[in-house]
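K.L.:
Supplied structure: protein.pdb, PDB, C-alpha atoms and all ligand atoms.
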```
ATOM      1  CA  MET A   4     -13.690 -55.797 -19.717
ATOM      2  CA  ARG A   5     -15.479 -52.855 -18.149
ATOM      3  CA  ARG A   6     -12.821 -52.702 -15.471
ATOM      4  CA  ALA A   7     -10.075 -52.730 -18.111
ATOM      5  CA  LEU A   8     -11.757 -49.833 -19.944
ATOM      6  CA  LEU A   9     -12.072 -47.889 -16.724
ATOM      7  CA  PHE A  10      -8.409 -48.461 -16.032
ATOM      8  CA  LEU A  11      -7.481 -47.200 -19.506
ATOM      9  CA  ALA A  12      -9.690 -44.138 -19.067
ATOM     10  CA  ILE A  13      -8.007 -43.305 -15.772
ATOM     11  CA  LEU A  14      -4.612 -43.843 -17.323
ATOM     12  CA  ALA A  15      -5.487 -41.570 -20.264
ATOM     13  CA  ALA A  16      -6.754 -38.856 -17.905
ATOM     14  CA  PHE A  17      -3.584 -39.137 -15.878
ATOM     15  CA  PHE A  18      -1.370 -38.696 -18.914
ATOM     16  CA  ALA A  19      -3.513 -35.866 -20.275
ATOM     17  CA  THR A  20      -3.091 -33.806 -17.081
ATOM     18  CA  ASP A  21       0.535 -34.801 -16.879
ATOM     19  CA  VAL A  22       1.245 -33.569 -20.395
ATOM     20  CA  ARG A  23      -0.519 -30.264 -19.722
ATOM     21  CA  ALA A  24       1.424 -29.785 -16.476
ATOM     22  CA  GLU A  25       4.595 -30.623 -18.356
ATOM     23  CA  LYS A  26       3.926 -27.890 -20.925
ATOM     24  CA  GLN A  27       2.927 -25.182 -18.462
ATOM     25  CA  ILE A  28       5.544 -22.581 -17.552
ATOM     26  CA  LYS A  29       6.588 -23.167 -13.956
ATOM     27  CA  VAL A  30       6.506 -19.806 -12.182
ATOM     28  CA  VAL A  31       7.795 -19.651  -8.613
ATOM     29  CA  ALA A  32       6.944 -16.413  -6.814
ATOM     30  CA  THR A  33       8.314 -15.378  -3.437
ATOM     31  CA  ILE A  34       4.936 -14.159  -2.129
ATOM     32  CA  PRO A  35       1.325 -15.025  -3.025
ATOM     33  CA  ASP A  36       0.642 -11.508  -4.381
ATOM     34  CA  LEU A  37       3.170 -12.119  -7.149
ATOM     35  CA  ALA A  38       1.867 -15.641  -7.840
ATOM     36  CA  ASP A  39      -1.638 -14.199  -8.287
ATOM     37  CA  MET A  40      -0.348 -11.496 -10.665
ATOM     38  CA  ALA A  41       1.606 -14.110 -12.657
ATOM     39  CA  ARG A  42      -1.575 -16.218 -12.923
ATOM     40  CA  GLN A  43      -3.560 -13.200 -14.134
ATOM     41  CA  VAL A  44      -0.937 -12.483 -16.796
ATOM     42  CA  GLY A  45      -0.092 -16.080 -17.724
ATOM     43  CA  GLY A  46      -3.535 -17.681 -17.586
ATOM     44  CA  ASP A  47      -3.475 -21.373 -18.537
ATOM     45  CA  LEU A  48       0.052 -21.056 -19.874
ATOM     46  CA  VAL A  49       1.535 -20.868 -16.374
ATOM     47  CA  ASP A  50       1.532 -22.943 -13.227
ATOM     48  CA  ALA A  51       2.341 -20.397 -10.500
ATOM     49  CA  THR A  52       3.238 -21.216  -6.916
ATOM     50  CA  SER A  53       4.499 -19.105  -4.029
ATOM     51  CA  LEU A  54       7.210 -19.861  -1.483
ATOM     52  CA  ALA A  55       5.579 -17.812   1.299
ATOM     53  CA  THR A  56       1.971 -18.553   2.237
ATOM     54  CA  GLY A  57       1.293 -14.944   3.214
ATOM     55  CA  VAL A  58       1.422 -15.124   7.012
ATOM     56  CA  GLU A  59       5.211 -14.662   7.128
ATOM     57  CA  ASP A  60       7.416 -11.590   7.408
ATOM     58  CA  ILE A  61       8.723 -11.017   3.877
ATOM     59  CA  HIS A  62      12.115 -10.190   5.368
ATOM     60  CA  ALA A  63      12.300 -13.540   7.183
ATOM     61  CA  VAL A  64      10.436 -16.283   5.320
ATOM     62  CA  PRO A  65      11.557 -19.553   6.960
ATOM     63  CA  MET A  66      13.468 -21.672   4.436
ATOM     64  CA  LYS A  67      12.247 -25.213   3.774
ATOM     65  CA  PRO A  68      14.110 -27.961   1.879
ATOM     66  CA  SER A  69      11.100 -28.220  -0.457
ATOM     67  CA  PHE A  70      11.779 -24.638  -1.656
ATOM     68  CA  VAL A  71      15.077 -25.783  -3.165
ATOM     69  CA  VAL A  72      13.322 -28.556  -5.108
ATOM     70  CA  VAL A  73      10.614 -26.195  -6.362
ATOM     71  CA  LEU A  74      13.190 -23.607  -7.442
ATOM     72  CA  ASN A  75      15.339 -26.249  -9.120
ATOM     73  CA  ARG A  76      12.413 -27.060 -11.437
ATOM     74  CA  ALA A  77      11.274 -23.449 -11.956
ATOM     75  CA  ASP A  78      11.288 -21.867 -15.403
ATOM     76  CA  VAL A  79      11.120 -18.367 -13.922
ATOM     77  CA  VAL A  80      11.208 -16.808 -10.460
ATOM     78  CA  VAL A  81       9.177 -13.672  -9.644
ATOM     79  CA  LEU A  82      10.320 -11.547  -6.721
ATOM     80  CA  MET A  83       9.519  -8.217  -5.072
ATOM     81  CA  GLY A  84      13.143  -7.119  -5.408
ATOM     82  CA  LEU A  85      14.783  -4.187  -3.571
ATOM     83  CA  GLU A  86      16.353  -6.855  -1.350
ATOM     84  CA  ALA A  87      13.035  -7.440   0.441
ATOM     85  CA  GLU A  88      13.761 -11.174   0.154
ATOM     86  CA  HIS A  89      17.429 -10.805   1.078
ATOM     87  CA  ALA A  90      17.125 -13.109   4.118
ATOM     88  CA  PHE A  91      16.131 -16.181   2.135
ATOM     89  CA  LEU A  92      16.069 -15.861  -1.658
ATOM     90  CA  PRO A  93      19.780 -15.511  -2.542
ATOM     91  CA  ALA A  94      20.647 -18.611  -0.463
ATOM     92  CA  LEU A  95      17.781 -20.599  -2.006
ATOM     93  CA  LEU A  96      18.705 -19.573  -5.562
ATOM     94  CA  GLY A  97      22.275 -20.714  -4.934
ATOM     95  CA  ALA A  98      21.109 -24.038  -3.526
ATOM     96  CA  SER A  99      18.652 -24.566  -6.411
ATOM     97  CA  ARG A 100      21.521 -24.860  -8.949
ATOM     98  CA  ASN A 101      19.079 -23.644 -11.595
ATOM     99  CA  PRO A 102      20.884 -21.389 -14.098
ATOM    100  CA  ARG A 103      17.575 -20.146 -15.584
ATOM    101  CA  ILE A 104      16.591 -18.147 -12.501
ATOM    102  CA  GLN A 105      19.839 -16.750 -11.116
ATOM    103  CA  ARG A 106      20.181 -12.972 -10.745
ATOM    104  CA  ASP A 107      20.818 -11.457 -14.230
ATOM    105  CA  ALA A 108      19.459 -14.594 -15.969
ATOM    106  CA  PRO A 109      16.325 -14.012 -18.106
ATOM    107  CA  GLY A 110      14.186 -16.085 -15.736
ATOM    108  CA  TYR A 111      14.833 -13.728 -12.805
ATOM    109  CA  ILE A 112      11.786 -11.426 -12.886
ATOM    110  CA  ASP A 113      12.070  -8.460 -10.527
ATOM    111  CA  ALA A 114       8.583  -6.966 -10.079
ATOM    112  CA  SER A 115       9.862  -3.660  -8.671
ATOM    113  CA  ILE A 116      11.724  -2.323 -11.712
ATOM    114  CA  TYR A 117       9.049   0.198 -12.796
ATOM    115  CA  VAL A 118       7.841   1.192  -9.343
ATOM    116  CA  PRO A 119       8.546   4.701  -8.001
ATOM    117  CA  LEU A 120      10.085   4.342  -4.542
ATOM    118  CA  LEU A 121       9.936   6.150  -1.229
ATOM    119  CA  GLU A 122      12.506   6.194   1.575
ATOM    120  CA  VAL A 123      15.510   5.566  -0.676
ATOM    121  CA  PRO A 124      18.549   5.968   1.604
ATOM    122  CA  SER A 125      21.352   8.284   0.575
ATOM    123  CA  ARG A 126      23.907   5.665   1.587
ATOM    124  CA  LEU A 127      23.797   1.892   1.988
ATOM    125  CA  ASP A 128      24.747   0.745   5.456
ATOM    126  CA  ARG A 129      23.757  -2.732   6.570
ATOM    127  CA  SER A 130      25.551  -2.294   9.893
ATOM    128  CA  LEU A 131      22.435  -0.383  10.976
ATOM    129  CA  GLY A 132      20.484  -3.636  10.598
ATOM    130  CA  ASP A 133      18.354  -1.976   7.966
ATOM    131  CA  GLN A 134      15.967  -4.259   6.078
ATOM    132  CA  HIS A 135      15.318  -1.607   3.391
ATOM    133  CA  PRO A 136      18.718  -0.853   1.853
ATOM    134  CA  MET A 137      17.317   0.072  -1.597
ATOM    135  CA  GLY A 138      14.303   2.074  -0.425
ATOM    136  CA  ASN A 139      11.007   0.901   1.018
ATOM    137  CA  PRO A 140      10.159  -2.418  -0.700
ATOM    138  CA  HIS A 141       6.545  -2.864   0.512
ATOM    139  CA  ILE A 142       5.160  -1.829  -2.851
ATOM    140  CA  ASN A 143       2.570  -4.619  -2.908
ATOM    141  CA  LEU A 144       0.362  -2.747  -0.426
ATOM    142  CA  ASP A 145      -0.334   0.002  -2.980
ATOM    143  CA  PRO A 146      -2.699  -1.105  -5.782
ATOM    144  CA  VAL A 147      -1.429   1.620  -8.128
ATOM    145  CA  ARG A 148       2.162   0.451  -7.763
ATOM    146  CA  ALA A 149       0.804  -3.091  -8.218
ATOM    147  CA  LYS A 150      -0.061  -2.090 -11.794
ATOM    148  CA  SER A 151       3.629  -1.415 -12.466
ATOM    149  CA  MET A 152       4.426  -4.795 -10.930
ATOM    150  CA  VAL A 153       1.961  -6.490 -13.309
ATOM    151  CA  ARG A 154       3.670  -4.749 -16.252
ATOM    152  CA  ALA A 155       7.090  -5.942 -15.100
ATOM    153  CA  ILE A 156       5.786  -9.518 -14.771
ATOM    154  CA  ALA A 157       4.168  -9.419 -18.248
ATOM    155  CA  GLU A 158       7.416  -8.122 -19.704
ATOM    156  CA  GLY A 159       9.494 -10.719 -17.838
ATOM    157  CA  LEU A 160       7.320 -13.596 -19.033
ATOM    158  CA  SER A 161       7.388 -12.212 -22.608
ATOM    159  CA  ARG A 162      11.197 -12.002 -22.512
ATOM    160  CA  ASN A 163      11.375 -15.711 -21.657
ATOM    161  CA  TYR A 164       8.510 -16.854 -23.888
ATOM    162  CA  PRO A 165       8.267 -14.394 -26.822
ATOM    163  CA  GLU A 166       5.960 -16.808 -28.660
ATOM    164  CA  HIS A 167       3.311 -16.151 -25.961
ATOM    165  CA  ALA A 168       3.941 -12.398 -25.617
ATOM    166  CA  PRO A 169       0.647 -11.356 -27.295
ATOM    167  CA  VAL A 170      -1.328 -13.512 -24.837
ATOM    168  CA  PHE A 171       0.570 -12.111 -21.833
ATOM    169  CA  GLN A 172       0.031  -8.530 -23.010
ATOM    170  CA  LYS A 173      -3.679  -9.118 -23.613
ATOM    171  CA  ASN A 174      -4.209 -10.796 -20.230
ATOM    172  CA  ALA A 175      -2.251  -8.040 -18.483
ATOM    173  CA  ALA A 176      -4.386  -5.355 -20.137
ATOM    174  CA  VAL A 177      -7.573  -7.087 -18.938
ATOM    175  CA  TYR A 178      -6.236  -7.370 -15.379
ATOM    176  CA  LEU A 179      -5.006  -3.756 -15.339
ATOM    177  CA  ARG A 180      -8.499  -2.596 -16.286
ATOM    178  CA  GLU A 181      -9.900  -4.702 -13.456
ATOM    179  CA  LEU A 182      -7.391  -3.112 -11.061
ATOM    180  CA  ASP A 183      -8.302   0.382 -12.298
ATOM    181  CA  ALA A 184     -11.965  -0.245 -11.551
ATOM    182  CA  ALA A 185     -11.102  -1.586  -8.080
ATOM    183  CA  ILE A 186      -8.817   1.400  -7.378
ATOM    184  CA  ALA A 187     -11.631   3.847  -8.190
ATOM    185  CA  ARG A 188     -13.894   1.911  -5.810
ATOM    186  CA  TRP A 189     -11.262   1.890  -3.038
ATOM    187  CA  GLN A 190     -10.590   5.623  -3.394
ATOM    188  CA  ALA A 191     -14.284   6.356  -2.827
ATOM    189  CA  GLN A 192     -14.556   3.867   0.012
ATOM    190  CA  ALA A 193     -11.430   5.248   1.735
ATOM    191  CA  ALA A 194     -12.789   8.809   2.028
ATOM    192  CA  PRO A 195     -13.060   8.530   5.855
ATOM    193  CA  LEU A 196      -9.328   7.673   6.018
ATOM    194  CA  ARG A 197      -8.168  10.964   4.478
ATOM    195  CA  GLY A 198      -5.986  13.080   6.746
ATOM    196  CA  LYS A 199      -5.769  10.376   9.439
ATOM    197  CA  ARG A 200      -2.402   9.738  11.081
ATOM    198  CA  LEU A 201      -1.223   6.178  11.413
ATOM    199  CA  VAL A 202       1.442   4.303  13.370
ATOM    200  CA  SER A 203       2.374   0.776  12.310
ATOM    201  CA  TYR A 204       4.777  -1.775  13.727
ATOM    202  CA  HIS A 205       7.031  -1.824  10.634
ATOM    203  CA  PRO A 206       7.079   0.795   7.845
ATOM    204  CA  ASP A 207       5.246  -1.486   5.418
ATOM    205  CA  LEU A 208       2.132   0.644   5.045
ATOM    206  CA  ILE A 209       3.782   3.801   3.740
ATOM    207  CA  TYR A 210       2.666   3.377   0.123
ATOM    208  CA  PHE A 211      -0.872   2.411   1.169
ATOM    209  CA  VAL A 212      -1.056   5.371   3.567
ATOM    210  CA  GLU A 213       0.079   7.813   0.902
ATOM    211  CA  ARG A 214      -2.265   6.344  -1.719
ATOM    212  CA  PHE A 215      -5.343   6.866   0.447
ATOM    213  CA  GLY A 216      -4.435  10.332   1.704
ATOM    214  CA  MET A 217      -3.377   9.329   5.203
ATOM    215  CA  GLU A 218      -0.214  10.350   7.054
ATOM    216  CA  ASN A 219       2.622   8.104   8.240
ATOM    217  CA  PHE A 220       3.295   9.201  11.804
ATOM    218  CA  GLY A 221       5.862   6.642  12.943
ATOM    219  CA  THR A 222       6.619   3.028  13.720
ATOM    220  CA  ILE A 223       6.865   0.895  16.853
ATOM    221  CA  GLU A 224      10.152  -0.463  15.487
ATOM    222  CA  ILE A 225      13.001   2.025  15.726
ATOM    223  CA  ARG A 226      14.048   1.362  12.122
ATOM    224  CA  PRO A 227      13.094  -1.423   9.702
ATOM    225  CA  GLY A 228      14.288  -4.589  11.420
ATOM    226  CA  VAL A 229      15.471  -2.848  14.591
ATOM    227  CA  ASP A 230      13.397  -3.786  17.649
ATOM    228  CA  PRO A 231      11.886  -1.051  19.816
ATOM    229  CA  THR A 232      13.405   0.016  23.143
ATOM    230  CA  PRO A 233      11.326   1.217  26.132
ATOM    231  CA  ALA A 234      12.629   4.765  25.567
ATOM    232  CA  HIS A 235      11.537   4.715  21.890
ATOM    233  CA  VAL A 236       8.063   3.425  22.809
ATOM    234  CA  ALA A 237       7.635   6.025  25.589
ATOM    235  CA  ASP A 238       8.635   8.809  23.199
ATOM    236  CA  LEU A 239       6.321   7.482  20.475
ATOM    237  CA  ILE A 240       3.374   7.355  22.899
ATOM    238  CA  GLN A 241       3.987  10.937  24.025
ATOM    239  CA  ARG A 242       4.239  12.257  20.462
ATOM    240  CA  MET A 243       1.142  10.285  19.408
ATOM    241  CA  LYS A 244      -0.910  11.808  22.233
ATOM    242  CA  GLN A 245       0.138  15.320  21.266
ATOM    243  CA  ALA A 246      -0.669  14.703  17.590
ATOM    244  CA  LYS A 247      -3.894  12.806  18.401
ATOM    245  CA  VAL A 248      -2.940   9.803  16.260
ATOM    246  CA  GLU A 249      -6.059   7.663  15.810
ATOM    247  CA  ILE A 250      -4.749   4.394  14.377
ATOM    248  CA  VAL A 251      -2.165   1.812  15.412
ATOM    249  CA  VAL A 252      -1.705  -1.018  12.916
ATOM    250  CA  ARG A 253      -0.266  -4.352  13.949
ATOM    251  CA  GLU A 254       0.756  -6.273  10.874
ATOM    252  CA  LEU A 255      -0.271  -9.797  11.792
ATOM    253  CA  HIS A 256       3.252 -11.254  11.716
ATOM    254  CA  TYR A 257       4.453  -8.876  14.448
ATOM    255  CA  PRO A 258       3.866  -9.433  18.197
ATOM    256  CA  ALA A 259       0.542  -8.210  19.612
ATOM    257  CA  GLY A 260       1.616  -6.996  23.064
ATOM    258  CA  LEU A 261       3.453  -3.781  22.221
ATOM    259  CA  ALA A 262       0.942  -2.620  19.632
ATOM    260  CA  GLU A 263      -1.838  -3.174  22.208
ATOM    261  CA  THR A 264       0.123  -1.224  24.827
ATOM    262  CA  VAL A 265       0.677   1.699  22.460
ATOM    263  CA  ALA A 266      -2.967   1.747  21.375
ATOM    264  CA  LYS A 267      -4.223   1.611  24.964
ATOM    265  CA  ALA A 268      -1.848   4.317  26.179
ATOM    266  CA  THR A 269      -2.846   6.714  23.396
ATOM    267  CA  GLY A 270      -6.534   5.886  22.933
ATOM    268  CA  ALA A 271      -5.871   4.991  19.291
ATOM    269  CA  GLN A 272      -7.768   2.199  17.515
ATOM    270  CA  LEU A 273      -5.762  -1.008  17.175
ATOM    271  CA  VAL A 274      -6.189  -2.455  13.669
ATOM    272  CA  GLU A 275      -4.705  -5.796  12.621
ATOM    273  CA  LEU A 276      -3.798  -6.089   8.952
ATOM    274  CA  PRO A 277      -2.082  -8.625   6.699
ATOM    275  CA  ALA A 278       0.964  -7.439   4.728
ATOM    276  CA  MET A 279       0.383  -9.789   1.801
ATOM    277  CA  VAL A 280      -2.136 -12.046   0.069
ATOM    278  CA  GLY A 281      -2.920 -15.071   2.284
ATOM    279  CA  GLY A 282      -2.190 -13.158   5.506
ATOM    280  CA  VAL A 283      -5.855 -13.581   6.484
ATOM    281  CA  PRO A 284      -8.289 -16.164   5.055
ATOM    282  CA  ALA A 285     -10.310 -13.429   3.275
ATOM    283  CA  ALA A 286      -7.241 -12.243   1.307
ATOM    284  CA  THR A 287      -7.528 -15.012  -1.270
ATOM    285  CA  ASN A 288      -6.078 -12.951  -4.134
ATOM    286  CA  TYR A 289      -4.559  -9.519  -4.669
ATOM    287  CA  ILE A 290      -7.819  -7.610  -5.118
ATOM    288  CA  ALA A 291      -9.365  -9.363  -2.090
ATOM    289  CA  PHE A 292      -6.257  -8.428  -0.067
ATOM    290  CA  VAL A 293      -6.508  -4.690  -0.796
ATOM    291  CA  ASN A 294     -10.278  -4.918  -0.253
ATOM    292  CA  TYR A 295      -9.662  -6.367   3.192
ATOM    293  CA  ASN A 296      -7.177  -3.674   4.201
ATOM    294  CA  VAL A 297      -9.355  -0.767   3.016
ATOM    295  CA  GLU A 298     -12.521  -2.211   4.564
ATOM    296  CA  THR A 299     -10.896  -3.082   7.882
ATOM    297  CA  LEU A 300      -9.373   0.394   8.329
ATOM    298  CA  VAL A 301     -12.585   2.178   7.338
ATOM    299  CA  LYS A 302     -14.591  -0.022   9.706
ATOM    300  CA  ALA A 303     -12.208   0.709  12.601
ATOM    301  CA  LEU A 304     -12.517   4.467  12.076
ATOM    302  CA  THR A 305     -16.236   4.675  11.516
ATOM    303  CA  LYS A 306     -17.568   2.396  14.237
TER
HETATM  304 ZN    ZN B 401      10.176  -4.043   5.456
END
```
Once you've parsed the file, please lay out its structure as structure tokens.
P.N.:
Amino acid sequence: MRRALLFLAILAAFFATDVRAEKQIKVVATIPDLADMARQVGGDLVDATSLATGVEDIHAVPMKPSFVVVLNRADVVVLMGLEAEHAFLPALLGASRNPRIQRDAPGYIDASIYVPLLEVPSRLDRSLGDQHPMGNPHINLDPVRAKSMVRAIAEGLSRNYPEHAPVFQKNAAVYLRELDAAIARWQAQAAPLRGKRLVSYHPDLIYFVERFGMENFGTIEIRPGVDPTPAHVADLIQRMKQAKVEIVVRELHYPAGLAETVAKATGAQLVELPAMVGGVPAATNYIAFVNYNVETLVKALTK
């Protein structure tokens, strides 16, 4: 008898969680930053997952068969946009055969729509191998631009689920206040970074650099997605020495060797940073991610 009751209790618990999962809005984000923002906005109403884990290059997330299954069941997809996910998302959306989340469908939530952009090219030319055809898409590294992303996500969820719009707007307002407080803290903490010149492997730090009063000096890559040549690296090293550039950033998904060489040749500090949430174990959510980047850079410059 007792065993039968236990069995029924387990069965009831199973169905209870199943029903809740069934009712939750299935949000599939391309990167963990967006999944975190969707969770902040959606609260218990959403079940948000991310395709990338955070250690990948956003321009080259390896496609897995499981992504197609996840996208097939998604109610909405949240992406960075600006063709940052060009290498994998269009193919996956096609394979998912899910009409709710195709481009121009209501469930296609582009987080970049309200974000002011830098490095917008005057002409689109993919023959150059450019990974940034619409302008620099690495908006997630700037916490102020992240606020615009949160607004776009709240609006996108509200468009699909107008009955929950008041909840989304309220949750978003709470999270935006939390971000504002964190931004004020980061601005104070980043004082030692002001005026410092920085070289990174890929131009994914430009919004961060501008936000905290630093200067983008150049990249180890020739152009976004175009590998360096020995002549480019030699020229970069010479210019860095003349300008006394103090920081070389290796984003963790790029190879270590060249960044080390450049740092050693110029006497600059080599700093390793993640480009998204999940890129290092400490970057468990969006605020922790920006925390990590600010703290790591300040530590490298003040030691
Ligand atoms: Zn890029």
K.L.:
Using 12 Å as the limit and counting only C-alpha atoms, can you tabulate each residue of range 109-184 of chain A that touches range 190-212 of chain A, with its shortest atom-to-atom distance in Å and the two atoms involved, as JSON lines?
P.N.:
```
{"residue": "A:Val118", "atom": "CA", "partner": "A:Tyr210", "partner_atom": "CA", "distance": 11.0}
{"residue": "A:Pro119", "atom": "CA", "partner": "A:Tyr210", "partner_atom": "CA", "distance": 10.1}
{"residue": "A:Leu120", "atom": "CA", "partner": "A:Tyr210", "partner_atom": "CA", "distance": 8.8}
{"residue": "A:Leu121", "atom": "CA", "partner": "A:Tyr210", "partner_atom": "CA", "distance": 7.9}
{"residue": "A:Glu122", "atom": "CA", "partner": "A:Ile209", "partner_atom": "CA", "distance": 9.3}
{"residue": "A:Asp133", "atom": "CA", "partner": "A:Pro206", "partner_atom": "CA", "distance": 11.6}
{"residue": "A:Gln134", "atom": "CA", "partner": "A:His205", "partner_atom": "CA", "distance": 10.3}
{"residue": "A:His135", "atom": "CA", "partner": "A:Pro206", "partner_atom": "CA", "distance": 9.7}
{"residue": "A:Gly138", "atom": "CA", "partner": "A:Pro206", "partner_atom": "CA", "distance": 11.1}
{"residue": "A:Asn139", "atom": "CA", "partner": "A:Asp207", "partner_atom": "CA", "distance": 7.6}
{"residue": "A:Pro140", "atom": "CA", "partner": "A:Asp207", "partner_atom": "CA", "distance": 7.9}
{"residue": "A:His141", "atom": "CA", "partner": "A:Asp207", "partner_atom": "CA", "distance": 5.3}
{"residue": "A:Ile142", "atom": "CA", "partner": "A:Tyr210", "partner_atom": "CA", "distance": 6.5}
{"residue": "A:Asn143", "atom": "CA", "partner": "A:Tyr210", "partner_atom": "CA", "distance": 8.6}
{"residue": "A:Leu144", "atom": "CA", "partner": "A:Phe211", "partner_atom": "CA", "distance": 5.5}
{"residue": "A:Asp145", "atom": "CA", "partner": "A:Phe211", "partner_atom": "CA", "distance": 4.8}
{"residue": "A:Pro146", "atom": "CA", "partner": "A:Phe211", "partner_atom": "CA", "distance": 8.0}
{"residue": "A:Val147", "atom": "CA", "partner": "A:Phe211", "partner_atom": "CA", "distance": 9.3}
{"residue": "A:Arg148", "atom": "CA", "partner": "A:Tyr210", "partner_atom": "CA", "distance": 8.4}
{"residue": "A:Ala149", "atom": "CA", "partner": "A:Tyr210", "partner_atom": "CA", "distance": 10.7}
{"residue": "A:Asp183", "atom": "CA", "partner": "A:Gln190", "partner_atom": "CA", "distance": 10.6}
{"residue": "A:Ala184", "atom": "CA", "partner": "A:Gln190", "partner_atom": "CA", "distance": 10.1}
```
K.L.:
List the residues matched by the PyMOL selection byres (((chain A and resi 156) around 9) and not hetatm) in the displayed structure as a PyMOL selection string, ordered by chain and then by residue number.
P.N.:
chain A and resi 37+40-41+44+81+112-114+151-155+157-161+175
K.L.:
Spell out the residues picked by the PyMOL selection byres (((chain A and resi 281-288) around 8) and not hetatm) here, as a PDB file with C-alpha atoms, in the frame of the given file.
P.N.:
```pdb
ATOM      1  CA  PRO A  35       1.325 -15.025  -3.025  1.00  0.00           C
ATOM      2  CA  ASP A  36       0.642 -11.508  -4.381  1.00  0.00           C
ATOM      3  CA  ASP A  39      -1.638 -14.199  -8.287  1.00  0.00           C
ATOM      4  CA  THR A  56       1.971 -18.553   2.237  1.00  0.00           C
ATOM      5  CA  GLY A  57       1.293 -14.944   3.214  1.00  0.00           C
ATOM      6  CA  VAL A  58       1.422 -15.124   7.012  1.00  0.00           C
ATOM      7  CA  GLU A  59       5.211 -14.662   7.128  1.00  0.00           C
ATOM      8  CA  LEU A 255      -0.271  -9.797  11.792  1.00  0.00           C
ATOM      9  CA  PRO A 277      -2.082  -8.625   6.699  1.00  0.00           C
ATOM     10  CA  ALA A 278       0.964  -7.439   4.728  1.00  0.00           C
ATOM     11  CA  MET A 279       0.383  -9.789   1.801  1.00  0.00           C
ATOM     12  CA  VAL A 280      -2.136 -12.046   0.069  1.00  0.00           C
ATOM     13  CA  TYR A 289      -4.559  -9.519  -4.669  1.00  0.00           C
ATOM     14  CA  ILE A 290      -7.819  -7.610  -5.118  1.00  0.00           C
ATOM     15  CA  ALA A 291      -9.365  -9.363  -2.090  1.00  0.00           C
ATOM     16  CA  PHE A 292      -6.257  -8.428  -0.067  1.00  0.00           C
ATOM     17  CA  VAL A 293      -6.508  -4.690  -0.796  1.00  0.00           C
ATOM     18  CA  TYR A 295      -9.662  -6.367   3.192  1.00  0.00           C
TER      19      TYR A 295
END
```
K.L.:
Do you have the CA of Asn101 in chain A-CA of Asn75 in chain A distance handy?
P.N.:
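Pair CA of Asn101 in chain A / CA of Asn75 in chain A returns 5.2 Å.
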K.L.:
May I have the residues within 12 Å of Phe70 in chain A as number ranges by chain, using all atoms listed in the file and disregarding those fewer than 2 positions away in the same chain?
P.N.:
A: 31-33, 52-55, 64-68, 72-77, 80, 91-92, 94-99
K.L.:
Include C-alpha atoms and write out the residues we just selected as a PDB file, keeping the file's coordinate frame.
P.N.:
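Output file selection-v1.pdb is given in full below:
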```
ATOM      1  CA  VAL A  31       7.795 -19.651  -8.613  1.00  0.00           C
ATOM      2  CA  ALA A  32       6.944 -16.413  -6.814  1.00  0.00           C
ATOM      3  CA  THR A  33       8.314 -15.378  -3.437  1.00  0.00           C
ATOM      4  CA  THR A  52       3.238 -21.216  -6.916  1.00  0.00           C
ATOM      5  CA  SER A  53       4.499 -19.105  -4.029  1.00  0.00           C
ATOM      6  CA  LEU A  54       7.210 -19.861  -1.483  1.00  0.00           C
ATOM      7  CA  ALA A  55       5.579 -17.812   1.299  1.00  0.00           C
ATOM      8  CA  VAL A  64      10.436 -16.283   5.320  1.00  0.00           C
ATOM      9  CA  PRO A  65      11.557 -19.553   6.960  1.00  0.00           C
ATOM     10  CA  MET A  66      13.468 -21.672   4.436  1.00  0.00           C
ATOM     11  CA  LYS A  67      12.247 -25.213   3.774  1.00  0.00           C
ATOM     12  CA  PRO A  68      14.110 -27.961   1.879  1.00  0.00           C
ATOM     13  CA  VAL A  72      13.322 -28.556  -5.108  1.00  0.00           C
ATOM     14  CA  VAL A  73      10.614 -26.195  -6.362  1.00  0.00           C
ATOM     15  CA  LEU A  74      13.190 -23.607  -7.442  1.00  0.00           C
ATOM     16  CA  ASN A  75      15.339 -26.249  -9.120  1.00  0.00           C
ATOM     17  CA  ARG A  76      12.413 -27.060 -11.437  1.00  0.00           C
ATOM     18  CA  ALA A  77      11.274 -23.449 -11.956  1.00  0.00           C
ATOM     19  CA  VAL A  80      11.208 -16.808 -10.460  1.00  0.00           C
ATOM     20  CA  PHE A  91      16.131 -16.181   2.135  1.00  0.00           C
ATOM     21  CA  LEU A  92      16.069 -15.861  -1.658  1.00  0.00           C
ATOM     22  CA  ALA A  94      20.647 -18.611  -0.463  1.00  0.00           C
ATOM     23  CA  LEU A  95      17.781 -20.599  -2.006  1.00  0.00           C
ATOM     24  CA  LEU A  96      18.705 -19.573  -5.562  1.00  0.00           C
ATOM     25  CA  GLY A  97      22.275 -20.714  -4.934  1.00  0.00           C
ATOM     26  CA  ALA A  98      21.109 -24.038  -3.526  1.00  0.00           C
ATOM     27  CA  SER A  99      18.652 -24.566  -6.411  1.00  0.00           C
TER      28      SER A  99
END
```
K.L.:
Please determine an axis-aligned box that encloses all atoms of range 199-215 of chain A listed in the file, with 3 Å added on each side, and express its centre and edge lengths in Å to one decimal as JSON.
P.N.:
```
{"center_x": 0.7, "center_y": 4.3, "center_z": 6.0, "size_x": 18.8, "size_y": 18.2, "size_z": 21.4}
```
K.L.:
List as a compact mmCIF listing (two decimals) with C-alpha atoms, keeping the file's coordinate frame the residues having at least one atom at most 12 Å from position (4.7, 4.7, 30.4) as given in the file, counting all atoms listed in the file.
P.N.:
```
# COMPACT_ATOMS: atom_id res chain seq x y z
CA PRO A 233 11.33 1.22 26.13
CA ALA A 234 12.63 4.76 25.57
CA HIS A 235 11.54 4.72 21.89
CA VAL A 236 8.06 3.42 22.81
CA ALA A 237 7.64 6.02 25.59
CA ASP A 238 8.64 8.81 23.20
CA LEU A 239 6.32 7.48 20.48
CA ILE A 240 3.37 7.36 22.90
CA GLN A 241 3.99 10.94 24.02
CA LEU A 261 3.45 -3.78 22.22
CA THR A 264 0.12 -1.22 24.83
CA VAL A 265 0.68 1.70 22.46
CA LYS A 267 -4.22 1.61 24.96
CA ALA A 268 -1.85 4.32 26.18
CA THR A 269 -2.85 6.71 23.40
```
